[in-house]
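*Asks:* Structure provided below as C-alpha cells; questions to follow.
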Amino acid sequence: MMSEVIEIKSPSNLKVIGTVKRMSKDEVRGEIEEAYKGFETISRMPLYKRTAILRKVSEILEREQERLARLLAMEAGKPIKDSRVEVMRASRLFRQAAEEAAIVLEGKNYRVDAYEYPPGNENRIVISTREPIGVVTAILPFNFPINSFAHKVAPAIAVGNSVVVKPSISTPLSAIEMKKILVEAGLPDSAVRIVTGYSNEIGDELITHPLVGLITLTGSTQTGLAIASKAVSLGKRIIMELGGSDPIIVLEDANIDRASSIAVRARYEYAGQNCNAGKRIIVREEIYDKFVKAFKEKVKALKVGDPLDESTDIGPVINQESVEKLNKALEDAQSKGGNVEVLNKGPETGYFFPLSLVTNPSLDMLVLKTEIFGPIAPIVSVKSDEEAINIANSTEYGLQSAIFSNDVNRALKIAKELKFGAIIINDSTRLRWDSLPFGGFKKTGIGREGVRDTMLEMTENKLIAITLL
C-alpha cells in the first residue's frame, strides 16, 4: 500500500524538509470542482478588487522574501543569493499583472461602417470584450517553483480565472506557501488550489476534466507535447513552455573576457538547470584556445556547495535521476571522441554534479543534439559564421540564443538566420523580461508567456454587436 504522504528531501544534503499529501484522482477532481466555485466568485469580482489582491501579494512577498528564499534554497538547491532574486521577481510580477490588467482587458470599438457588408453597418455599434476562460491548470517545473507560480497564477487571477496548481513533486513546498500568501492577500481560498502527487491518473484528471479550460505547462518537450495532444483533442486551450538548447555564438572580434564570464554564468547558474541556459557554446577557431582558457579559469573560481551559504555560486542538481542522465551524456561524449574535463566539484553528500567541459564535441553527441539540464558545457570550434549558424540551428529547439561581437551589423545578419524566439547580442541567453513575450520556435513551445501575452492567452475575445433602431 502506498504511503499517503510524500517526503520532500533537500537535494543538497538529502534531509527531509517537509511532507505533502499523495492525492488520489477523486481528490484532484474535488480540487477542480472547488476551483470552479472560485472562478464563479472572482470572475464577478470588480477588476479593482482583483488588482488590489495582486498588489497585496507583491507586498507580502517583499516582506517574506528571506523566509521564502531559504525555503527555495533548501527545496530546490538554488543558492540563497539566486533564491532571493527569484522571490523578488515574483513580487514584481504580481505587481506588473495588477498594473497591466486594465490595459489588456479594455476591449475595442470597431468602426464597422467602414464595411459595405453586411448592409446597415452605419447603424451598428460593435465592441469587443475579453472574458476569462474558467479554470486553468498550471503545471510547474522544479527549477522556478515561485516565479513560475507567479507567471501562471498572477495573470490568471488578474483576468478572472481560477487556477489549479500542480507543482513539481521535487518542489511542492514553495507552491503551498504561495497559496497561503494569496489567501492572506484576500483571494478566496477556492480560487487557487494546490494538487500534490505524481501518478498518471491525477495528471490525466488535470488535463481532461470538463471544467478545465486551459492548461499551461513548463516542462520537458516530451511531456508537454503529449499533454498538448490530449488537451487539443478535447478542445482545450494550451500554453506550453518546453525544452531549450540555447546556443552562445562567440565571434573572433568579441571581448573574450566579457563573453567567457557571461557564458560561464549562463551555462552553470543553478547547476545548469535553466530552460534558457547557454547550453551550447560555439566559438570561432581564431580565438577558440583563448576563450577556452578564460572559460576554464572562471569555472574553477566558482564555489560549489551548500545553497544556504552566502558565498555559494552553484548548488546541486535536483535528484539522482538527473545525475544519472548527466553521467550518460558525458560517457556518450567520451565514447564519440570528445575531450571531457572536470573543472570543479562540490561536496560528496547530495546531488552535486561536477562542473564539466566537453571540447571537440560532434553533432552526434548528446551534449549537442539534446537538452542537457545540468552543468556540462560543450564548446565547439567553427571556421565560419555560416558553420556557427548551422550548428546553432541544428537542434529541435529554438528558445533563446546569444551572439558576441563588436560588429553589430554582422551580429544582426547572423540573428536574421537564427531560428529562436529571442536573439540577444552581447549578453546572456538568460535575459528575460517578465512582461515581454517569452517562448520559442520549433519544439520549444506553443504560445508565449509574459504578463500581457499570458493574459491574452487566458481570455476569450467576445464581440457584441448593437443595431440601432
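How things are named: the first chain in the C-alpha cells is A, the next is B, and so on; residues count from 1 in each chain; ligands count from 1 in the order shown.
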Just the residues within 9 Å of Ser190 in chain A, please, counting only C-alpha atoms, with nothing from its chain fewer than 2 positions along; format it as a JSON list (two decimals) with N, CA, C and O atoms, in the first residue's frame.
*Replies:*
[["chain", "number", "residue", "atom", "x", "y", "z"],
["A", 31, "GLU", "N", -10.70, 19.09, -6.15],
["A", 31, "GLU", "CA", -9.99, 20.37, -6.20],
["A", 31, "GLU", "C", -10.41, 21.18, -7.42],
["A", 31, "GLU", "O", -10.57, 22.41, -7.35],
["A", 34, "GLU", "N", -13.83, 22.57, -6.80],
["A", 34, "GLU", "CA", -13.74, 23.69, -5.87],
["A", 34, "GLU", "C", -13.21, 24.94, -6.59],
["A", 34, "GLU", "O", -13.68, 26.05, -6.36],
["A", 35, "ALA", "N", -12.24, 24.73, -7.50],
["A", 35, "ALA", "CA", -11.69, 25.85, -8.27],
["A", 35, "ALA", "C", -12.75, 26.48, -9.16],
["A", 35, "ALA", "O", -12.73, 27.69, -9.39],
["A", 36, "TYR", "N", -13.69, 25.67, -9.64],
["A", 36, "TYR", "CA", -14.75, 26.26, -10.47],
["A", 36, "TYR", "C", -15.63, 27.19, -9.63],
["A", 36, "TYR", "O", -16.08, 28.24, -10.11],
["A", 37, "LYS", "N", -15.85, 26.83, -8.38],
["A", 37, "LYS", "CA", -16.59, 27.73, -7.49],
["A", 37, "LYS", "C", -15.80, 29.04, -7.31],
["A", 37, "LYS", "O", -16.37, 30.13, -7.27],
["A", 38, "GLY", "N", -14.48, 28.90, -7.21],
["A", 38, "GLY", "CA", -13.64, 30.08, -7.10],
["A", 38, "GLY", "C", -13.72, 30.94, -8.34],
["A", 38, "GLY", "O", -13.74, 32.18, -8.24],
["A", 39, "PHE", "N", -13.79, 30.30, -9.51],
["A", 39, "PHE", "CA", -13.92, 31.05, -10.76],
["A", 39, "PHE", "C", -15.22, 31.85, -10.77],
["A", 39, "PHE", "O", -15.24, 33.03, -11.15],
["A", 41, "THR", "N", -16.72, 33.09, -8.37],
["A", 41, "THR", "CA", -16.60, 34.23, -7.44],
["A", 41, "THR", "C", -15.72, 35.33, -8.03],
["A", 41, "THR", "O", -16.14, 36.49, -8.13],
["A", 162, "SER", "N", -9.74, 31.10, -12.21],
["A", 162, "SER", "CA", -9.19, 30.41, -11.04],
["A", 162, "SER", "C", -8.14, 29.42, -11.54],
["A", 162, "SER", "O", -8.06, 29.12, -12.73],
["A", 163, "VAL", "N", -7.31, 28.92, -10.62],
["A", 163, "VAL", "CA", -6.16, 28.09, -11.03],
["A", 163, "VAL", "C", -6.03, 26.88, -10.12],
["A", 163, "VAL", "O", -6.12, 26.99, -8.90],
["A", 187, "LEU", "N", -7.51, 36.74, -1.51],
["A", 187, "LEU", "CA", -8.09, 35.91, -2.57],
["A", 187, "LEU", "C", -8.95, 34.81, -1.94],
["A", 187, "LEU", "O", -8.54, 34.18, -0.97],
["A", 188, "PRO", "N", -10.14, 34.56, -2.50],
["A", 188, "PRO", "CA", -10.93, 33.43, -2.00],
["A", 188, "PRO", "C", -10.14, 32.13, -2.06],
["A", 188, "PRO", "O", -9.44, 31.87, -3.06],
["A", 192, "VAL", "N", -7.50, 29.48, -5.91],
["A", 192, "VAL", "CA", -6.23, 28.80, -6.21],
["A", 192, "VAL", "C", -6.16, 27.55, -5.36],
["A", 192, "VAL", "O", -6.23, 27.61, -4.13],
["A", 193, "ARG", "N", -6.04, 26.41, -6.03],
["A", 193, "ARG", "CA", -5.97, 25.13, -5.34],
["A", 193, "ARG", "C", -4.64, 24.45, -5.70],
["A", 193, "ARG", "O", -4.12, 24.63, -6.81]]
*Asks:* Give me the residues near Ala388 in chain A as a PyMOL selection string, where near means some atom within 8 Å (using only C-alpha atoms) and where sequence neighbours in that chain fewer than 6 positions away do not count.
*Replies:* chain A and resi 249+282-284+382
*Asks:* As an NGL selection string, please: the residues near range 402-410 of chain A (cut-off 6 Å, only C-alpha atoms, same-chain neighbours under 3 positions excluded).
*Replies:* :A and (248-251 or 253-254 or 413 or 423-426 or 429)
*Asks:* Range 356-388 of chain A near range 343-352 of chain A within 12 Å: what's each residue's closest atom pair and its distance in Å to one decimal, counting only C-alpha atoms, ordered by chain then ascending residue number, as CSV?
*Replies:*
residue,atom,partner,partner_atom,distance
A:Ser356,CA,A:Leu343,CA,5.6
A:Leu357,CA,A:Leu343,CA,7.0
A:Val358,CA,A:Leu343,CA,10.5
A:Gly374,CA,A:Phe352,CA,10.1
A:Pro375,CA,A:Phe352,CA,9.8
A:Ile376,CA,A:Leu343,CA,10.0
A:Ala377,CA,A:Leu343,CA,10.5
*Asks:* If you keep N, CA, C and O atoms, can you produce a file of those selected residues as an mmCIF file, in the first residue's frame?
*Replies:*
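This went into part32.cif:
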data_model
loop_
_atom_site.group_PDB
_atom_site.id
_atom_site.type_symbol
_atom_site.label_atom_id
_atom_site.label_comp_id
_atom_site.auth_asym_id
_atom_site.auth_seq_id
_atom_site.Cartn_x
_atom_site.Cartn_y
_atom_site.Cartn_z
ATOM 1 N N SER A 356 31.493 20.432 -15.631
ATOM 2 C CA SER A 356 32.257 19.709 -16.648
ATOM 3 C C SER A 356 32.312 20.466 -17.961
ATOM 4 O O SER A 356 31.424 21.255 -18.285
ATOM 5 N N LEU A 357 33.369 20.181 -18.728
ATOM 6 C CA LEU A 357 33.594 20.807 -20.028
ATOM 7 C C LEU A 357 33.827 19.712 -21.057
ATOM 8 O O LEU A 357 34.528 18.728 -20.792
ATOM 9 N N VAL A 358 33.218 19.878 -22.235
ATOM 10 C CA VAL A 358 33.467 18.958 -23.355
ATOM 11 C C VAL A 358 34.014 19.783 -24.521
ATOM 12 O O VAL A 358 33.324 20.657 -25.049
ATOM 13 N N GLY A 374 21.923 20.415 -16.913
ATOM 14 C CA GLY A 374 22.903 20.274 -15.849
ATOM 15 C C GLY A 374 24.213 20.920 -16.243
ATOM 16 O O GLY A 374 24.370 21.434 -17.354
ATOM 17 N N PRO A 375 25.202 20.899 -15.341
ATOM 18 C CA PRO A 375 26.424 21.686 -15.511
ATOM 19 C C PRO A 375 27.471 21.057 -16.435
ATOM 20 O O PRO A 375 28.610 20.777 -16.028
ATOM 21 N N ILE A 376 27.107 20.860 -17.681
ATOM 22 C CA ILE A 376 28.028 20.362 -18.703
ATOM 23 C C ILE A 376 28.057 21.381 -19.836
ATOM 24 O O ILE A 376 27.010 21.742 -20.373
ATOM 25 N N ALA A 377 29.258 21.834 -20.194
ATOM 26 C CA ALA A 377 29.392 22.843 -21.251
ATOM 27 C C ALA A 377 30.171 22.276 -22.432
ATOM 28 O O ALA A 377 31.374 22.036 -22.322
#
*Asks:* Just want the 10 Å neighbourhood of Ser401 in chain A, counted on only C-alpha atoms, with same-chain residues fewer than 3 positions away dropped. Output as a list of chain:residue names.
*Replies:*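 The contact residues come out as A:Gly244, A:Ser245, A:Asp246, A:Pro247, A:Ile248, A:Ile249, A:Asn276, A:Ala277, A:Gly278, A:Lys279, A:Arg280, A:Ala392, A:Asn393, A:Gly398, A:Ala415, A:Leu418, A:Lys419, A:Phe420, A:Gly421, A:Ala422, A:Ile423, A:Ile424, A:Ile425, A:Asp427, A:Ser428, A:Thr429, A:Arg430, A:Leu431.
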*Asks:* With a distance cut-off of 12 Å and only C-alpha atoms, select the neighbouring residues of range 49-60 of chain A, excluding the residue or stretch itself and same-chain residues fewer than 4 positions from it, and output the selection as a VMD selection string.
*Replies:* chain A and resid 41 to 45 64 to 68 87 to 102 150 153 to 162 177 to 188 191
*Asks:* DSSP on the backbone, then: every residue of range 341-463 of chain A marked alpha helix (DSSP H), written as an MDAnalysis selection string.
*Replies:* chainID A and resid 366:369 385:392 408:417 451:457
*Asks:* When you count only C-alpha atoms, which of these residues is closest to Gly337 in chain A: A:Gly235, A:Gly18, A:Pro361, A:Pro167?
*Replies:*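 Of A:Gly235, A:Gly18, A:Pro361, A:Pro167, the one nearest Gly337 in chain A is A:Pro361, counting only C-alpha atoms.
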*Asks:* Fewer than 3 positions away in the same chain doesn't count, so skip those; otherwise give me all residues within 12 Å of Leu173 in chain A, counting only C-alpha atoms, as a JSON list (two decimals) with N, CA and C atoms, in the first residue's frame.
*Replies:*
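Dumped everything to part.json:
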[["chain", "number", "residue", "atom", "x", "y", "z"],
["A", 6, "ILE", "N", 4.20, 12.16, 0.85],
["A", 6, "ILE", "CA", 5.45, 12.10, 0.10],
["A", 6, "ILE", "C", 6.46, 12.95, 0.85],
["A", 7, "GLU", "N", 7.62, 12.38, 1.13],
["A", 7, "GLU", "CA", 8.69, 13.13, 1.81],
["A", 7, "GLU", "C", 9.43, 13.99, 0.78],
["A", 8, "ILE", "N", 9.67, 15.24, 1.14],
["A", 8, "ILE", "CA", 10.42, 16.15, 0.29],
["A", 8, "ILE", "C", 11.80, 16.30, 0.90],
["A", 9, "LYS", "N", 12.83, 15.93, 0.13],
["A", 9, "LYS", "CA", 14.20, 15.98, 0.62],
["A", 9, "LYS", "C", 14.98, 17.09, -0.08],
["A", 10, "SER", "N", 15.86, 17.72, 0.68],
["A", 10, "SER", "CA", 16.73, 18.74, 0.10],
["A", 10, "SER", "C", 17.77, 18.05, -0.78],
["A", 16, "VAL", "N", 15.10, 15.31, 5.00],
["A", 16, "VAL", "CA", 13.68, 15.56, 4.80],
["A", 16, "VAL", "C", 13.35, 16.95, 5.35],
["A", 17, "ILE", "N", 12.75, 17.79, 4.49],
["A", 17, "ILE", "CA", 12.42, 19.16, 4.93],
["A", 17, "ILE", "C", 10.91, 19.39, 5.00],
["A", 18, "GLY", "N", 10.13, 18.38, 4.62],
["A", 18, "GLY", "CA", 8.68, 18.51, 4.70],
["A", 18, "GLY", "C", 8.00, 17.34, 4.04],
["A", 19, "THR", "N", 6.69, 17.30, 4.15],
["A", 19, "THR", "CA", 5.90, 16.25, 3.51],
["A", 19, "THR", "C", 4.69, 16.89, 2.84],
["A", 20, "VAL", "N", 4.18, 16.23, 1.80],
["A", 20, "VAL", "CA", 2.94, 16.66, 1.15],
["A", 20, "VAL", "C", 2.06, 15.44, 0.95],
["A", 21, "LYS", "N", 0.80, 15.70, 0.74],
["A", 21, "LYS", "CA", -0.17, 14.63, 0.57],
["A", 21, "LYS", "C", -0.05, 14.01, -0.82],
["A", 68, "LEU", "N", 11.05, 32.83, 2.30],
["A", 68, "LEU", "CA", 10.78, 32.07, 1.09],
["A", 68, "LEU", "C", 12.06, 31.70, 0.36],
["A", 69, "ALA", "N", 13.04, 32.60, 0.37],
["A", 69, "ALA", "CA", 14.32, 32.31, -0.29],
["A", 69, "ALA", "C", 15.02, 31.15, 0.39],
["A", 70, "ARG", "N", 14.96, 31.09, 1.70],
["A", 70, "ARG", "CA", 15.60, 29.98, 2.43],
["A", 70, "ARG", "C", 14.88, 28.66, 2.12],
["A", 71, "LEU", "N", 13.55, 28.70, 2.06],
["A", 71, "LEU", "CA", 12.80, 27.50, 1.69],
["A", 71, "LEU", "C", 13.19, 27.05, 0.28],
["A", 72, "LEU", "N", 13.28, 27.99, -0.63],
["A", 72, "LEU", "CA", 13.64, 27.67, -2.01],
["A", 72, "LEU", "C", 15.04, 27.09, -2.10],
["A", 73, "ALA", "N", 15.97, 27.65, -1.33],
["A", 73, "ALA", "CA", 17.34, 27.13, -1.33],
["A", 73, "ALA", "C", 17.38, 25.69, -0.83],
["A", 74, "MET", "N", 16.61, 25.40, 0.21],
["A", 74, "MET", "CA", 16.59, 24.03, 0.75],
["A", 74, "MET", "C", 15.87, 23.07, -0.19],
["A", 75, "GLU", "N", 14.74, 23.52, -0.72],
["A", 75, "GLU", "CA", 13.88, 22.62, -1.50],
["A", 75, "GLU", "C", 14.43, 22.38, -2.91],
["A", 76, "ALA", "N", 14.90, 23.44, -3.57],
["A", 76, "ALA", "CA", 15.34, 23.33, -4.96],
["A", 76, "ALA", "C", 16.85, 23.25, -5.10],
["A", 142, "PHE", "N", 10.38, 22.23, -11.63],
["A", 142, "PHE", "CA", 11.06, 22.27, -10.34],
["A", 142, "PHE", "C", 12.01, 23.47, -10.22],
["A", 145, "PRO", "N", 10.05, 27.27, -8.91],
["A", 145, "PRO", "CA", 8.73, 26.97, -8.33],
["A", 145, "PRO", "C", 7.97, 28.20, -7.87],
["A", 146, "ILE", "N", 8.67, 29.29, -7.53],
["A", 146, "ILE", "CA", 8.00, 30.51, -7.09],
["A", 146, "ILE", "C", 7.72, 31.42, -8.28],
["A", 149, "PHE", "N", 5.15, 29.89, -10.63],
["A", 149, "PHE", "CA", 3.84, 30.06, -9.99],
["A", 149, "PHE", "C", 3.31, 31.46, -10.31],
["A", 166, "LYS", "N", -0.35, 22.47, -10.11],
["A", 166, "LYS", "CA", 0.32, 21.18, -9.88],
["A", 166, "LYS", "C", 1.83, 21.44, -9.88],
["A", 167, "PRO", "N", 2.42, 21.62, -8.68],
["A", 167, "PRO", "CA", 3.87, 21.84, -8.63],
["A", 167, "PRO", "C", 4.64, 20.56, -8.90],
["A", 168, "SER", "N", 5.90, 20.70, -9.26],
["A", 168, "SER", "CA", 6.77, 19.54, -9.37],
["A", 168, "SER", "C", 6.81, 18.83, -8.03],
["A", 169, "ILE", "N", 6.88, 17.51, -8.07],
["A", 169, "ILE", "CA", 6.92, 16.77, -6.81],
["A", 169, "ILE", "C", 8.25, 17.00, -6.09],
["A", 170, "SER", "N", 9.24, 17.54, -6.79],
["A", 170, "SER", "CA", 10.52, 17.87, -6.14],
["A", 170, "SER", "C", 10.44, 19.17, -5.35],
["A", 176, "ILE", "N", 2.87, 25.67, -2.03],
["A", 176, "ILE", "CA", 1.94, 25.68, -0.90],
["A", 176, "ILE", "C", 2.05, 27.00, -0.13],
["A", 177, "GLU", "N", 3.27, 27.49, 0.04],
["A", 177, "GLU", "CA", 3.47, 28.78, 0.70],
["A", 177, "GLU", "C", 2.90, 29.93, -0.13],
["A", 178, "MET", "N", 3.05, 29.86, -1.44],
["A", 178, "MET", "CA", 2.49, 30.90, -2.31],
["A", 178, "MET", "C", 0.97, 30.94, -2.21],
["A", 179, "LYS", "N", 0.35, 29.78, -2.13],
["A", 179, "LYS", "CA", -1.11, 29.73, -1.98],
["A", 179, "LYS", "C", -1.52, 30.43, -0.67],
["A", 180, "LYS", "N", -0.79, 30.18, 0.40],
["A", 180, "LYS", "CA", -1.12, 30.82, 1.69],
["A", 180, "LYS", "C", -1.03, 32.34, 1.58],
["A", 194, "ILE", "N", -4.09, 23.68, -4.77],
["A", 194, "ILE", "CA", -2.81, 23.01, -4.98],
["A", 194, "ILE", "C", -3.03, 21.50, -5.00],
["A", 195, "VAL", "N", -2.47, 20.87, -6.03],
["A", 195, "VAL", "CA", -2.57, 19.41, -6.18],
["A", 195, "VAL", "C", -1.17, 18.82, -6.03],
["A", 196, "THR", "N", -1.02, 17.83, -5.17],
["A", 196, "THR", "CA", 0.29, 17.19, -4.98],
["A", 196, "THR", "C", 0.19, 15.69, -5.24]]
